[in-house]
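K.L.:
Sharing query08.cif here; it has mmCIF, C-alpha atoms.
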data_work
#
loop_
_atom_site.label_atom_id
_atom_site.label_comp_id
_atom_site.auth_asym_id
_atom_site.auth_seq_id
_atom_site.Cartn_x
_atom_site.Cartn_y
_atom_site.Cartn_z
CA MET A 1 108.08 -54.53 2.44
CA ASN A 2 107.19 -57.90 3.87
CA SER A 3 105.98 -56.44 7.15
CA ALA A 4 103.97 -53.86 5.21
CA LEU A 5 102.24 -56.65 3.34
CA GLY A 6 101.45 -58.23 6.70
CA GLU A 7 99.97 -55.02 8.04
CA VAL A 8 97.81 -54.49 4.95
CA MET A 9 96.63 -58.07 5.34
CA GLU A 10 95.72 -57.46 8.97
CA VAL A 11 93.77 -54.27 8.21
CA CYS A 12 91.90 -55.88 5.30
CA LEU A 13 90.91 -58.91 7.37
CA LEU A 14 89.86 -56.77 10.32
CA ALA A 15 87.62 -54.64 8.10
CA GLY A 16 86.18 -57.76 6.47
CA LYS A 17 85.60 -59.44 9.82
CA ILE A 18 83.73 -56.47 11.31
CA MET A 19 81.56 -56.12 8.20
CA LEU A 20 80.74 -59.81 7.99
CA GLN A 21 79.85 -59.98 11.67
CA SER A 22 77.58 -56.96 11.23
CA GLY A 23 75.65 -58.57 8.39
CA ALA A 24 76.96 -56.72 5.33
CA GLU A 25 76.44 -58.11 1.84
CA ILE A 26 79.20 -60.31 0.48
CA TYR A 27 80.09 -58.16 -2.53
CA ARG A 28 80.43 -55.10 -0.33
CA ILE A 29 82.89 -56.90 1.98
CA GLU A 30 85.00 -58.18 -0.91
CA ASP A 31 84.92 -54.76 -2.52
CA THR A 32 86.00 -53.02 0.70
CA MET A 33 88.92 -55.40 1.27
CA ASN A 34 90.10 -55.09 -2.33
CA ARG A 35 89.79 -51.33 -2.13
CA ILE A 36 91.90 -51.12 1.05
CA ALA A 37 94.55 -53.31 -0.60
CA ARG A 38 94.54 -51.12 -3.71
CA ALA A 39 94.86 -47.98 -1.56
CA CYS A 40 97.99 -49.49 0.00
CA ALA A 41 99.54 -50.06 -3.44
CA ILE A 42 99.18 -53.83 -3.39
CA PRO A 43 99.30 -54.91 -7.05
CA GLU A 44 96.84 -57.74 -6.72
CA ALA A 45 94.32 -58.79 -4.09
CA GLN A 46 91.91 -61.70 -4.30
CA SER A 47 89.20 -62.16 -1.70
CA TYR A 48 86.59 -64.80 -1.20
CA VAL A 49 83.96 -64.35 1.49
CA THR A 50 81.36 -66.79 2.75
CA PRO A 51 79.03 -66.14 5.70
CA THR A 52 81.30 -68.17 7.98
CA GLY A 53 84.80 -67.34 6.77
CA ILE A 54 87.04 -64.98 4.83
CA PHE A 55 89.90 -65.88 2.48
CA LEU A 56 92.31 -63.21 1.32
CA THR A 57 95.40 -63.41 -0.85
CA LEU A 58 97.68 -60.43 -1.34
CA GLN A 59 100.36 -60.40 -4.02
CA GLY A 60 103.33 -58.12 -3.32
CA LEU A 61 105.46 -56.36 -5.91
CA GLU A 62 107.80 -59.31 -6.37
CA GLN A 63 106.89 -62.82 -7.38
CA ASN A 64 107.72 -64.51 -4.08
CA GLN A 65 105.93 -61.92 -1.95
CA GLN A 66 102.60 -63.51 -1.43
CA GLN A 67 100.39 -64.02 1.59
CA THR A 68 97.15 -65.91 2.06
CA LYS A 69 95.13 -65.93 5.23
CA PHE A 70 91.88 -67.40 6.35
CA LEU A 71 89.58 -66.10 9.07
CA ARG A 72 86.77 -68.00 10.69
CA ILE A 73 83.64 -66.04 11.71
CA ASN A 74 81.25 -67.34 14.35
CA ASN A 75 79.03 -64.55 15.61
CA ARG A 76 76.71 -62.66 13.34
CA GLN A 77 74.37 -59.86 14.38
CA ILE A 78 73.01 -57.06 12.24
CA ASP A 79 74.74 -53.80 13.19
CA LEU A 80 74.45 -51.17 10.50
CA ASN A 81 76.41 -48.57 12.47
CA LYS A 82 79.57 -50.65 12.23
CA ILE A 83 79.12 -51.07 8.48
CA VAL A 84 78.79 -47.29 8.15
CA GLU A 85 81.96 -46.71 10.18
CA VAL A 86 84.09 -49.29 8.36
CA ASN A 87 82.87 -47.86 5.08
CA GLU A 88 83.95 -44.40 6.22
CA ILE A 89 87.43 -45.63 7.13
CA SER A 90 87.96 -47.48 3.86
CA ARG A 91 86.86 -44.35 1.99
CA LYS A 92 89.25 -42.14 3.97
CA LEU A 93 92.06 -44.64 3.46
CA SER A 94 91.62 -44.80 -0.30
CA GLU A 95 91.48 -41.01 -0.52
CA GLY A 96 94.72 -40.83 1.47
CA GLU A 97 93.18 -38.92 4.38
CA ILE A 98 94.47 -41.35 7.01
CA THR A 99 97.44 -43.72 7.19
CA LEU A 100 97.26 -47.49 7.36
CA HIS A 101 98.34 -47.40 10.99
CA LYS A 102 95.56 -44.95 11.91
CA ALA A 103 93.04 -47.07 10.02
CA ARG A 104 94.09 -50.14 11.98
CA GLU A 105 93.63 -48.34 15.29
CA ALA A 106 90.24 -46.99 14.23
CA LEU A 107 89.08 -50.45 13.13
CA LEU A 108 90.16 -51.96 16.45
CA THR A 109 88.09 -49.32 18.26
CA ILE A 110 85.08 -50.09 16.07
CA GLU A 111 85.42 -53.80 16.71
CA LYS A 112 85.29 -53.28 20.47
CA SER A 113 82.49 -50.70 20.38
CA SER A 114 79.08 -51.80 21.59
CA PHE A 115 75.60 -50.94 20.43
CA LEU A 116 74.59 -47.28 20.20
CA TYR A 117 71.36 -47.95 22.03
CA PRO A 118 71.17 -49.48 25.53
CA LEU A 119 69.36 -52.77 26.07
CA TRP A 120 66.25 -51.21 27.63
CA LEU A 121 65.81 -49.00 24.58
CA GLN A 122 66.16 -52.02 22.30
CA ILE A 123 63.50 -53.87 24.28
CA ILE A 124 61.16 -50.87 24.08
CA ALA A 125 61.86 -50.55 20.36
CA ALA A 126 61.13 -54.25 19.82
CA ALA A 127 57.91 -53.95 21.85
CA LEU A 128 56.67 -50.90 19.95
CA THR A 129 57.70 -52.42 16.61
CA SER A 130 55.59 -55.47 17.43
CA GLY A 131 52.63 -53.32 18.33
CA PHE A 132 52.82 -51.19 15.20
CA PHE A 133 53.36 -54.18 12.95
CA SER A 134 50.22 -55.82 14.28
CA LEU A 135 48.40 -52.58 13.34
CA ALA A 136 50.07 -52.42 9.92
CA PHE A 137 49.07 -56.04 9.22
CA GLY A 138 45.43 -55.27 9.85
CA GLY A 139 45.07 -55.64 13.61
CA THR A 140 42.72 -53.39 15.57
CA VAL A 141 43.51 -51.02 18.44
CA ASN A 142 42.72 -53.87 20.86
CA ASP A 143 45.61 -55.88 19.42
CA PHE A 144 48.19 -53.15 20.03
CA LEU A 145 48.87 -53.62 23.75
CA PRO A 146 48.96 -57.43 23.69
CA SER A 147 51.46 -57.25 20.83
CA VAL A 148 53.60 -54.73 22.70
CA ALA A 149 53.68 -57.02 25.75
CA ALA A 150 54.26 -60.24 23.85
CA GLY A 151 56.83 -58.76 21.45
CA GLY A 152 58.79 -56.96 24.17
CA LEU A 153 58.89 -59.97 26.49
CA GLY A 154 59.72 -62.29 23.60
CA PHE A 155 62.65 -60.13 22.53
CA LEU A 156 63.85 -59.77 26.14
CA LEU A 157 63.79 -63.56 26.60
CA TYR A 158 65.58 -64.01 23.28
CA THR A 159 68.37 -61.57 24.25
CA ILE A 160 68.83 -63.14 27.68
CA SER A 161 68.78 -66.70 26.41
CA THR A 162 71.28 -66.05 23.57
CA ARG A 163 73.77 -65.12 26.29
CA HIS A 164 73.44 -68.51 27.97
CA ILE A 165 72.56 -70.88 25.14
CA ALA A 166 75.18 -71.32 22.43
CA VAL A 167 72.71 -72.50 19.79
CA LYS A 168 70.69 -69.59 18.41
CA PHE A 169 68.00 -71.99 17.25
CA PHE A 170 66.96 -72.86 20.81
CA SER A 171 66.75 -69.25 21.96
CA GLU A 172 64.43 -68.61 19.04
CA ILE A 173 62.18 -71.58 19.84
CA PHE A 174 62.10 -70.48 23.47
CA ALA A 175 61.22 -66.85 22.64
CA ALA A 176 58.60 -67.90 20.08
CA PHE A 177 57.03 -70.26 22.63
CA ALA A 178 56.81 -67.40 25.11
CA ILE A 179 55.22 -65.15 22.48
CA GLY A 180 52.62 -67.77 21.63
CA PHE A 181 51.91 -68.31 25.32
CA ILE A 182 51.51 -64.60 26.15
CA ALA A 183 49.40 -63.94 23.07
CA TYR A 184 47.07 -66.79 24.00
CA LEU A 185 46.89 -65.50 27.58
CA PHE A 186 45.70 -62.09 26.35
CA TYR A 187 43.28 -63.70 23.93
CA TYR A 188 41.82 -65.87 26.69
CA LEU A 189 41.60 -63.04 29.23
CA GLY A 190 40.16 -60.68 26.64
CA MET A 191 37.50 -63.13 25.52
CA TYR A 192 36.32 -64.54 28.85
CA ASN A 193 37.05 -61.83 31.43
CA PHE A 194 36.86 -58.45 29.72
CA ASN A 195 34.77 -59.19 26.66
CA ILE A 196 37.34 -57.67 24.30
CA ASP A 197 37.86 -59.25 20.91
CA ILE A 198 41.59 -59.85 20.33
CA HIS A 199 42.84 -61.25 17.02
CA ILE A 200 45.40 -63.75 18.21
CA ASP A 201 46.96 -64.29 14.77
CA LYS A 202 47.58 -60.55 14.29
CA VAL A 203 49.08 -60.32 17.78
CA ILE A 204 51.41 -63.25 17.12
CA ILE A 205 52.55 -62.11 13.69
CA GLY A 206 53.28 -58.61 15.04
CA SER A 207 55.15 -59.95 18.05
CA VAL A 208 57.41 -62.33 16.15
CA MET A 209 58.49 -59.58 13.73
CA PRO A 210 61.63 -58.58 15.73
CA LEU A 211 62.75 -62.23 15.53
CA VAL A 212 61.80 -63.31 12.00
CA PRO A 213 64.53 -63.60 9.36
CA GLY A 214 63.26 -60.97 6.93
CA VAL A 215 66.64 -59.40 6.31
CA LEU A 216 68.28 -62.81 6.06
CA ILE A 217 65.86 -63.93 3.35
CA MET A 218 66.40 -60.74 1.40
CA ASN A 219 70.18 -60.72 1.77
CA SER A 220 70.26 -64.33 0.70
CA ILE A 221 68.50 -63.55 -2.56
CA ARG A 222 70.60 -60.42 -3.10
CA ASP A 223 73.77 -62.49 -2.68
CA LEU A 224 72.44 -65.07 -5.13
CA MET A 225 71.64 -62.37 -7.69
CA ALA A 226 75.06 -60.75 -7.25
CA GLY A 227 76.66 -64.11 -8.06
CA ASP A 228 77.76 -65.15 -4.55
CA LEU A 229 76.02 -68.48 -4.78
CA VAL A 230 77.58 -70.19 -1.76
CA ALA A 231 76.83 -67.25 0.52
CA GLY A 232 73.31 -66.92 -0.82
CA LEU A 233 72.49 -70.57 -0.18
CA ALA A 234 74.11 -70.50 3.27
CA ARG A 235 72.13 -67.44 4.33
CA GLY A 236 68.96 -68.92 2.86
CA THR A 237 69.49 -72.02 5.00
CA GLU A 238 70.01 -69.87 8.09
CA ALA A 239 66.80 -68.00 7.29
CA PHE A 240 64.92 -71.28 6.89
CA LEU A 241 66.20 -72.59 10.23
CA THR A 242 65.19 -69.36 11.97
CA ALA A 243 61.72 -69.41 10.44
CA PHE A 244 61.43 -73.07 11.40
CA ALA A 245 62.40 -72.35 15.00
CA ILE A 246 59.91 -69.49 15.35
CA GLY A 247 57.12 -71.36 13.60
CA SER A 248 57.56 -74.46 15.71
CA GLY A 249 57.86 -72.45 18.95
CA VAL A 250 54.54 -70.72 18.35
CA ALA A 251 52.87 -73.89 17.06
CA VAL A 252 53.91 -75.84 20.16
CA ALA A 253 52.64 -73.10 22.47
CA LEU A 254 49.26 -72.98 20.73
CA ALA A 255 49.00 -76.77 20.55
CA VAL A 256 49.64 -77.08 24.28
CA LEU A 257 47.15 -74.36 25.23
CA MET A 258 44.27 -74.80 22.80
CA MET B 1 44.40 -46.71 2.66
CA SER B 2 44.11 -45.54 6.23
CA TRP B 3 46.22 -43.33 8.44
CA THR B 4 46.98 -46.33 10.62
CA ALA B 5 49.10 -47.92 7.90
CA LEU B 6 51.08 -44.70 7.55
CA TYR B 7 52.09 -44.11 11.15
CA ALA B 8 52.29 -47.81 12.03
CA SER B 9 54.84 -48.49 9.29
CA PHE B 10 56.77 -45.34 10.20
CA PHE B 11 57.21 -46.29 13.85
CA ALA B 12 57.70 -49.99 13.10
CA THR B 13 60.55 -49.17 10.73
CA MET B 14 62.10 -46.78 13.24
CA GLY B 15 61.91 -49.46 15.92
CA PHE B 16 63.71 -51.84 13.61
CA GLY B 17 66.28 -49.12 13.01
CA VAL B 18 67.08 -49.19 16.73
CA LEU B 19 67.38 -52.99 16.67
CA PHE B 20 69.74 -52.78 13.67
CA ASN B 21 71.80 -50.09 15.41
CA ILE B 22 71.27 -47.41 12.79
CA PRO B 23 73.06 -44.12 13.56
CA ARG B 24 70.79 -41.64 15.35
CA LYS B 25 70.84 -38.91 12.72
CA SER B 26 69.40 -41.17 10.01
CA LEU B 27 66.77 -42.91 12.17
CA ILE B 28 63.88 -40.64 11.15
CA ALA B 29 64.86 -40.78 7.49
CA CYS B 30 64.77 -44.58 7.74
CA GLY B 31 61.28 -44.38 9.21
CA PHE B 32 60.16 -42.29 6.25
CA VAL B 33 61.64 -44.72 3.72
CA GLY B 34 59.78 -47.59 5.41
CA MET B 35 56.57 -45.58 5.42
CA LEU B 36 57.00 -44.70 1.74
CA GLY B 37 57.46 -48.36 0.74
CA TRP B 38 54.54 -49.62 2.80
CA THR B 39 52.24 -46.82 1.59
CA VAL B 40 53.00 -47.61 -2.05
CA TYR B 41 52.44 -51.30 -1.35
CA VAL B 42 49.10 -50.74 0.41
CA ILE B 43 47.85 -48.34 -2.26
CA LEU B 44 48.75 -50.78 -5.02
CA THR B 45 47.36 -53.92 -3.37
CA VAL B 46 44.32 -52.63 -1.48
CA ASN B 47 43.21 -49.60 -3.47
CA MET B 48 44.20 -50.59 -6.99
CA ASN B 49 43.89 -54.35 -6.51
CA ILE B 50 47.21 -55.19 -8.15
CA ASN B 51 48.98 -58.53 -7.65
CA LEU B 52 51.06 -58.90 -4.44
CA ILE B 53 54.31 -59.67 -6.23
CA THR B 54 54.06 -56.76 -8.68
CA SER B 55 53.18 -54.33 -5.90
CA THR B 56 56.11 -55.50 -3.80
CA LEU B 57 58.44 -55.08 -6.76
CA ALA B 58 57.23 -51.52 -7.33
CA ALA B 59 57.45 -50.65 -3.63
CA ALA B 60 60.96 -52.12 -3.32
CA PHE B 61 62.07 -50.17 -6.38
CA ILE B 62 60.78 -46.93 -4.89
CA VAL B 63 62.38 -47.72 -1.51
CA ALA B 64 65.71 -48.41 -3.21
CA THR B 65 65.60 -45.20 -5.24
CA ALA B 66 64.73 -43.13 -2.17
CA SER B 67 67.55 -44.89 -0.30
CA GLN B 68 70.07 -44.01 -3.00
CA ILE B 69 69.10 -40.35 -2.77
CA LEU B 70 69.22 -40.35 1.04
CA ALA B 71 72.55 -42.21 1.02
CA ARG B 72 74.08 -39.42 -1.06
CA TYR B 73 72.61 -36.80 1.25
CA TYR B 74 73.72 -38.44 4.52
CA LYS B 75 76.95 -39.86 3.03
CA MET B 76 76.22 -43.39 4.26
CA PRO B 77 76.02 -46.75 2.50
CA VAL B 78 72.69 -47.39 0.77
CA THR B 79 72.17 -50.54 2.87
CA VAL B 80 71.43 -48.44 5.95
CA PHE B 81 68.30 -47.03 4.33
CA SER B 82 67.29 -49.88 2.06
CA ILE B 83 67.46 -52.64 4.70
CA SER B 84 65.28 -50.74 7.14
CA GLY B 85 63.09 -49.39 4.33
CA VAL B 86 62.08 -52.79 3.01
CA ILE B 87 61.46 -54.22 6.50
CA PRO B 88 57.66 -53.80 6.34
CA LEU B 89 57.64 -55.44 2.90
CA VAL B 90 59.98 -58.33 3.67
CA PRO B 91 58.10 -61.63 4.08
CA GLY B 92 59.59 -62.58 7.46
CA GLY B 93 56.18 -62.94 9.02
CA MET B 94 55.04 -64.97 6.05
CA ALA B 95 58.04 -67.30 6.37
CA TYR B 96 56.98 -67.95 9.95
CA GLU B 97 53.37 -68.60 8.89
CA THR B 98 54.57 -71.01 6.21
CA ILE B 99 56.39 -73.12 8.75
CA ARG B 100 53.52 -72.91 11.23
CA HIS B 101 51.04 -74.21 8.69
CA LEU B 102 53.41 -77.01 7.71
CA ILE B 103 53.86 -78.02 11.34
CA GLU B 104 50.10 -77.97 11.92
CA ASN B 105 49.69 -80.46 9.03
CA ASP B 106 48.15 -77.86 6.73
CA TYR B 107 50.47 -78.66 3.83
CA THR B 108 48.46 -77.01 1.06
CA GLU B 109 48.36 -73.64 2.80
CA GLY B 110 51.99 -74.00 3.87
CA MET B 111 53.18 -74.67 0.32
CA ARG B 112 51.11 -71.76 -1.02
CA LEU B 113 52.56 -69.35 1.56
CA GLY B 114 56.07 -70.71 1.01
CA ALA B 115 55.87 -70.05 -2.71
CA ILE B 116 54.59 -66.51 -2.12
CA THR B 117 57.35 -65.91 0.46
CA LEU B 118 60.04 -66.87 -2.06
CA LEU B 119 58.49 -64.83 -4.86
CA ILE B 120 58.10 -61.75 -2.66
CA ALA B 121 61.67 -62.03 -1.37
CA GLY B 122 62.86 -62.40 -4.95
CA SER B 123 60.89 -59.39 -6.13
CA ILE B 124 62.26 -57.21 -3.30
CA ALA B 125 65.82 -58.20 -4.11
CA PHE B 126 65.11 -57.63 -7.79
CA GLY B 127 63.62 -54.20 -7.11
CA LEU B 128 66.68 -53.19 -5.08
CA ILE B 129 69.13 -54.44 -7.71
CA PHE B 130 67.13 -52.95 -10.58
CA SER B 131 67.25 -49.50 -8.97
CA GLY B 132 70.98 -50.01 -8.30
CA VAL B 133 71.63 -50.87 -11.94
CA ILE B 134 69.77 -47.78 -13.16
CA THR B 135 71.67 -45.37 -10.90
CA GLU B 136 74.88 -47.16 -11.82
CA ASN B 137 74.30 -46.38 -15.47
CA PHE B 138 73.57 -42.77 -14.65
CA SER B 139 76.53 -42.15 -12.39
CA ARG B 140 79.06 -44.55 -14.03
CA ARG B 141 80.90 -44.98 -10.76
CA LYS B 142 79.68 -48.21 -9.27
CA ARG B 143 80.98 -51.62 -10.12
CA TYR B 144 78.34 -53.87 -8.64
CA PRO B 145 74.59 -54.08 -8.92
CA GLY B 146 72.55 -53.60 -5.80
CA GLY B 147 73.80 -50.17 -4.93
CA LYS B 148 76.56 -48.92 -2.72
#
Could I get this structure in the form of structure tokens?
P.N.:
Amino acid sequence: MNSALGEVMEVCLLAGKIMLQSGAEIYRIEDTMNRIARACAIPEAQSYVTPTGIFLTLQGLEQNQQQTKFLRINNRQIDLNKIVEVNEISRKLSEGEITLHKAREALLTIEKSSFLYPLWLQIIAAALTSGFFSLAFGGTVNDFLPSVAAGGLGFLLYTISTRHIAVKFFSEIFAAFAIGFIAYLFYYLGMYNFNIDIHIDKVIIGSVMPLVPGVLIMNSIRDLMAGDLVAGLARGTEAFLTAFAIGSGVAVALAVLM
Amino acid sequence: MSWTALYASFFATMGFGVLFNIPRKSLIACGFVGMLGWTVYVILTVNMNINLITSTLAAAFIVATASQILARYYKMPVTVFSISGVIPLVPGGMAYETIRHLIENDYTEGMRLGAITLLIAGSIAFGLIFSGVITENFSRRKRYPGGK
């Protein structure tokens, strides 16, 4: 029985860890872990999740059978595919379609799995997203290509620099600086060499879209409304820092050039 | 309301879907949800001249409801559709502009944009949760607001 409790604990924490690292909402993570515990006939499970750590207590059938564990989370990146897959496994487990052992193996595979889309496709997606956002925000056809170039290069620089710089903040400043620089370059070339009118503010706002913390801001408020106050405030702070990094990166680039 | 807004928001949302690693089979559906939200928003703000916050609330509510339906159809968590669907509405760009104005010593504009950013983010979250609460009361299966 004791080892079973340990295995349930391991599976719950693994599921929680993958979901938290993939950017799931707090209540969903707590709900998933409690549901897995309930599916394994654990009488009582208490979970507490913050954006940087998971606490879980499982109470066995007898009074002295109790386990509490804590898990520290460092890396966070939005990955909806992993959330879908963990959700699927917890659903199958609670409907009795798979055993706990199978669930553990499946979760370990999910944890190791990489992105569905290769890096070049992500860069292209970021570039096109930037271009289309500049159009959606009122840019003209002339602003499309500069945004594609600035957004794609900015995202590429961001991805490369996050691999070498431990602090996310600096990668964001760096990428935002590059975006501001490239956007100004196009603006300057367009105005003085080709006589094309480029709206630099539309280009910049489109290009920073792949980096800005839109989802973070929204998740933060959703967490607050769902009652996870600590998580909501923590994510709000992260969103503020990201916005600050991007804003200052662009502002410095424009201040240097103009 | 122009065609540009339609296809631009569709492809922008799909691009974000790739960045968020959304499963291939739901990528196009995500693009449509994003397009739906942005179209509603543009029609309300530009064509009917309704307040930004109210329009965002309405658009987020429609996005969330469409996401709930699609989530049932594709058997995936609602988040997959709602997160990518609200991407064009989410004030990420505005958060950046807030900070930029503050850094450039334009405090009045910065504070104004900051307040709007918070209100818009709040109204999106509220729209999502509101739609979640309504479906919860219809289906009687969910325990938490915000959808599942």
K.L.:
Distance cut-off 10 Å, centre (83.9, -54.1, -1.9) in file coordinates, counting all atoms listed in the file: which residues qualify? Return them as an NGL selection string.
P.N.:
(:A and (16 or 25-36 or 47 or 87 or 90)) or (:B and (143-144 or 148))
K.L.:
Kindly save the residues from that selection, with C-alpha atoms included, as a PDB file, in the frame of the given file.
P.N.:
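Output file again_31.pdb follows:
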ATOM      1  CA  GLY A  16      86.180 -57.760   6.470  1.00  0.00           C
ATOM      2  CA  GLU A  25      76.440 -58.110   1.840  1.00  0.00           C
ATOM      3  CA  ILE A  26      79.200 -60.310   0.480  1.00  0.00           C
ATOM      4  CA  TYR A  27      80.090 -58.160  -2.530  1.00  0.00           C
ATOM      5  CA  ARG A  28      80.430 -55.100  -0.330  1.00  0.00           C
ATOM      6  CA  ILE A  29      82.890 -56.900   1.980  1.00  0.00           C
ATOM      7  CA  GLU A  30      85.000 -58.180  -0.910  1.00  0.00           C
ATOM      8  CA  ASP A  31      84.920 -54.760  -2.520  1.00  0.00           C
ATOM      9  CA  THR A  32      86.000 -53.020   0.700  1.00  0.00           C
ATOM     10  CA  MET A  33      88.920 -55.400   1.270  1.00  0.00           C
ATOM     11  CA  ASN A  34      90.100 -55.090  -2.330  1.00  0.00           C
ATOM     12  CA  ARG A  35      89.790 -51.330  -2.130  1.00  0.00           C
ATOM     13  CA  ILE A  36      91.900 -51.120   1.050  1.00  0.00           C
ATOM     14  CA  SER A  47      89.200 -62.160  -1.700  1.00  0.00           C
ATOM     15  CA  ASN A  87      82.870 -47.860   5.080  1.00  0.00           C
ATOM     16  CA  SER A  90      87.960 -47.480   3.860  1.00  0.00           C
TER      17      SER A  90
ATOM     18  CA  ARG B 143      80.980 -51.620 -10.120  1.00  0.00           C
ATOM     19  CA  TYR B 144      78.340 -53.870  -8.640  1.00  0.00           C
ATOM     20  CA  LYS B 148      76.560 -48.920  -2.720  1.00  0.00           C
TER      21      LYS B 148
END
K.L.:
List as JSON lines every residue of chain A that is in contact with chain B, defined as an atom at most 6 Å from one of its atoms (using all atoms listed in the file), together with the nearest atom pair and the distance in Å rounded to one decimal, sorted by chain and then rising number.
P.N.:
{"residue": "A:Ile78", "atom": "CA", "partner": "B:Phe20", "partner_atom": "CA", "distance": 5.6}
{"residue": "A:Asp79", "atom": "CA", "partner": "B:Phe20", "partner_atom": "CA", "distance": 5.1}
{"residue": "A:Leu80", "atom": "CA", "partner": "B:Ile22", "partner_atom": "CA", "distance": 5.4}
{"residue": "A:Asn81", "atom": "CA", "partner": "B:Ile22", "partner_atom": "CA", "distance": 5.3}
{"residue": "A:Gln122", "atom": "CA", "partner": "B:Leu19", "partner_atom": "CA", "distance": 5.8}
{"residue": "A:Ala125", "atom": "CA", "partner": "B:Gly15", "partner_atom": "CA", "distance": 4.6}
{"residue": "A:Thr129", "atom": "CA", "partner": "B:Ala12", "partner_atom": "CA", "distance": 4.3}
{"residue": "A:Phe132", "atom": "CA", "partner": "B:Ala8", "partner_atom": "CA", "distance": 4.7}
{"residue": "A:Ala136", "atom": "CA", "partner": "B:Ala5", "partner_atom": "CA", "distance": 5.0}
{"residue": "A:Ile205", "atom": "CA", "partner": "B:Gly93", "partner_atom": "CA", "distance": 6.0}
{"residue": "A:Val212", "atom": "CA", "partner": "B:Gly92", "partner_atom": "CA", "distance": 5.1}
{"residue": "A:Pro213", "atom": "CA", "partner": "B:Gly92", "partner_atom": "CA", "distance": 5.4}
{"residue": "A:Gly214", "atom": "CA", "partner": "B:Gly92", "partner_atom": "CA", "distance": 4.0}
{"residue": "A:Met218", "atom": "CA", "partner": "B:Ala121", "partner_atom": "CA", "distance": 5.6}
{"residue": "A:Arg222", "atom": "CA", "partner": "B:Ala125", "partner_atom": "CA", "distance": 5.4}
{"residue": "A:Ala243", "atom": "CA", "partner": "B:Tyr96", "partner_atom": "CA", "distance": 5.0}
{"residue": "A:Phe244", "atom": "CA", "partner": "B:Ile99", "partner_atom": "CA", "distance": 5.7}
{"residue": "A:Gly247", "atom": "CA", "partner": "B:Arg100", "partner_atom": "CA", "distance": 4.6}
{"residue": "A:Ala251", "atom": "CA", "partner": "B:Arg100", "partner_atom": "CA", "distance": 5.9}
K.L.:
Can you write just those residues out, C-alpha atoms, as a PDB file, in the frame of the given file?
P.N.:
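That gives us result.pdb:
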ATOM      1  CA  ILE A  78      73.010 -57.060  12.240  1.00  0.00           C
ATOM      2  CA  ASP A  79      74.740 -53.800  13.190  1.00  0.00           C
ATOM      3  CA  LEU A  80      74.450 -51.170  10.500  1.00  0.00           C
ATOM      4  CA  ASN A  81      76.410 -48.570  12.470  1.00  0.00           C
ATOM      5  CA  GLN A 122      66.160 -52.020  22.300  1.00  0.00           C
ATOM      6  CA  ALA A 125      61.860 -50.550  20.360  1.00  0.00           C
ATOM      7  CA  THR A 129      57.700 -52.420  16.610  1.00  0.00           C
ATOM      8  CA  PHE A 132      52.820 -51.190  15.200  1.00  0.00           C
ATOM      9  CA  ALA A 136      50.070 -52.420   9.920  1.00  0.00           C
ATOM     10  CA  ILE A 205      52.550 -62.110  13.690  1.00  0.00           C
ATOM     11  CA  VAL A 212      61.800 -63.310  12.000  1.00  0.00           C
ATOM     12  CA  PRO A 213      64.530 -63.600   9.360  1.00  0.00           C
ATOM     13  CA  GLY A 214      63.260 -60.970   6.930  1.00  0.00           C
ATOM     14  CA  MET A 218      66.400 -60.740   1.400  1.00  0.00           C
ATOM     15  CA  ARG A 222      70.600 -60.420  -3.100  1.00  0.00           C
ATOM     16  CA  ALA A 243      61.720 -69.410  10.440  1.00  0.00           C
ATOM     17  CA  PHE A 244      61.430 -73.070  11.400  1.00  0.00           C
ATOM     18  CA  GLY A 247      57.120 -71.360  13.600  1.00  0.00           C
ATOM     19  CA  ALA A 251      52.870 -73.890  17.060  1.00  0.00           C
TER      20      ALA A 251
END
K.L.:
Going by the chain IDs and residue numbers used in this file, which residues fall under the PyMOL selection byres ((chain A and resi 104) around 10)? Write them as a ChimeraX atom specification.
P.N.:
/A:7-8,10-12,14-15,89,99-103,105-110
K.L.:
Give the answer as one residue: which of A:Leu233, A:Leu116, A:Pro51, A:Met225 has the shortest atom-to-atom distance to Phe130 (chain B), using only C-alpha atoms?
P.N.:
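For Phe130 (chain B), the nearest of the candidates is A:Met225.
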K.L.:
Quick one, how far is CA of Phe186 (chain A) from CA of Val208 (chain A)?
P.N.:
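A separation of 15.5 Å between them.
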K.L.:
Which one of B:Ala29, B:Gly127, B:Tyr41, B:Thr108 sits closest to Ala64 (chain B) if you count all atoms listed in the file?
P.N.:
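Closest residue, counting all atoms listed in the file: B:Gly127.
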K.L.:
Identify all residues satisfying the PyMOL selection byres ((chain A and resi 238) around 12) in the given file; provide them as a list in words.
P.N.:
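Written out, the selection comes to Pro51, Thr52, Arg76, Lys168, Phe169, Val212, Pro213, Gly214, Val215, Leu216, Ile217, Met218, Asn219, Ser220, Ala231, Gly232, Leu233, Ala234, Arg235, Gly236, Thr237, Ala239, Phe240, Leu241, Thr242, Ala243, Phe244 and Ala245 of chain A.
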K.L.:
Running the PyMOL selection byres ((chain A and resi 157) around 10) on this model by hand, what would come out? Give it as a list in words.
P.N.:
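Against this file, the PyMOL selection byres ((chain A and resi 157) around 10) returns the residues Ile123, Gly151, Gly152, Leu153, Gly154, Phe155, Leu156, Tyr158, Thr159, Ile160, Ser161, Thr162, Ser171, Glu172, Phe174, Ala175, Ala176, Ala178 and Ile179 of chain A.
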K.L.:
Enclose the full set of atoms of region 114-124 of chain B listed in the file within a box whose edges lie along x, y and z, apply 4 Å of padding to each of the six sides, and report centre and edge lengths in Å to one decimal as lines of an AutoDock Vina configuration file.
P.N.:
center_x = 58.7
center_y = -64.0
center_z = -2.6
size_x = 16.3
size_y = 21.5
size_z = 15.1
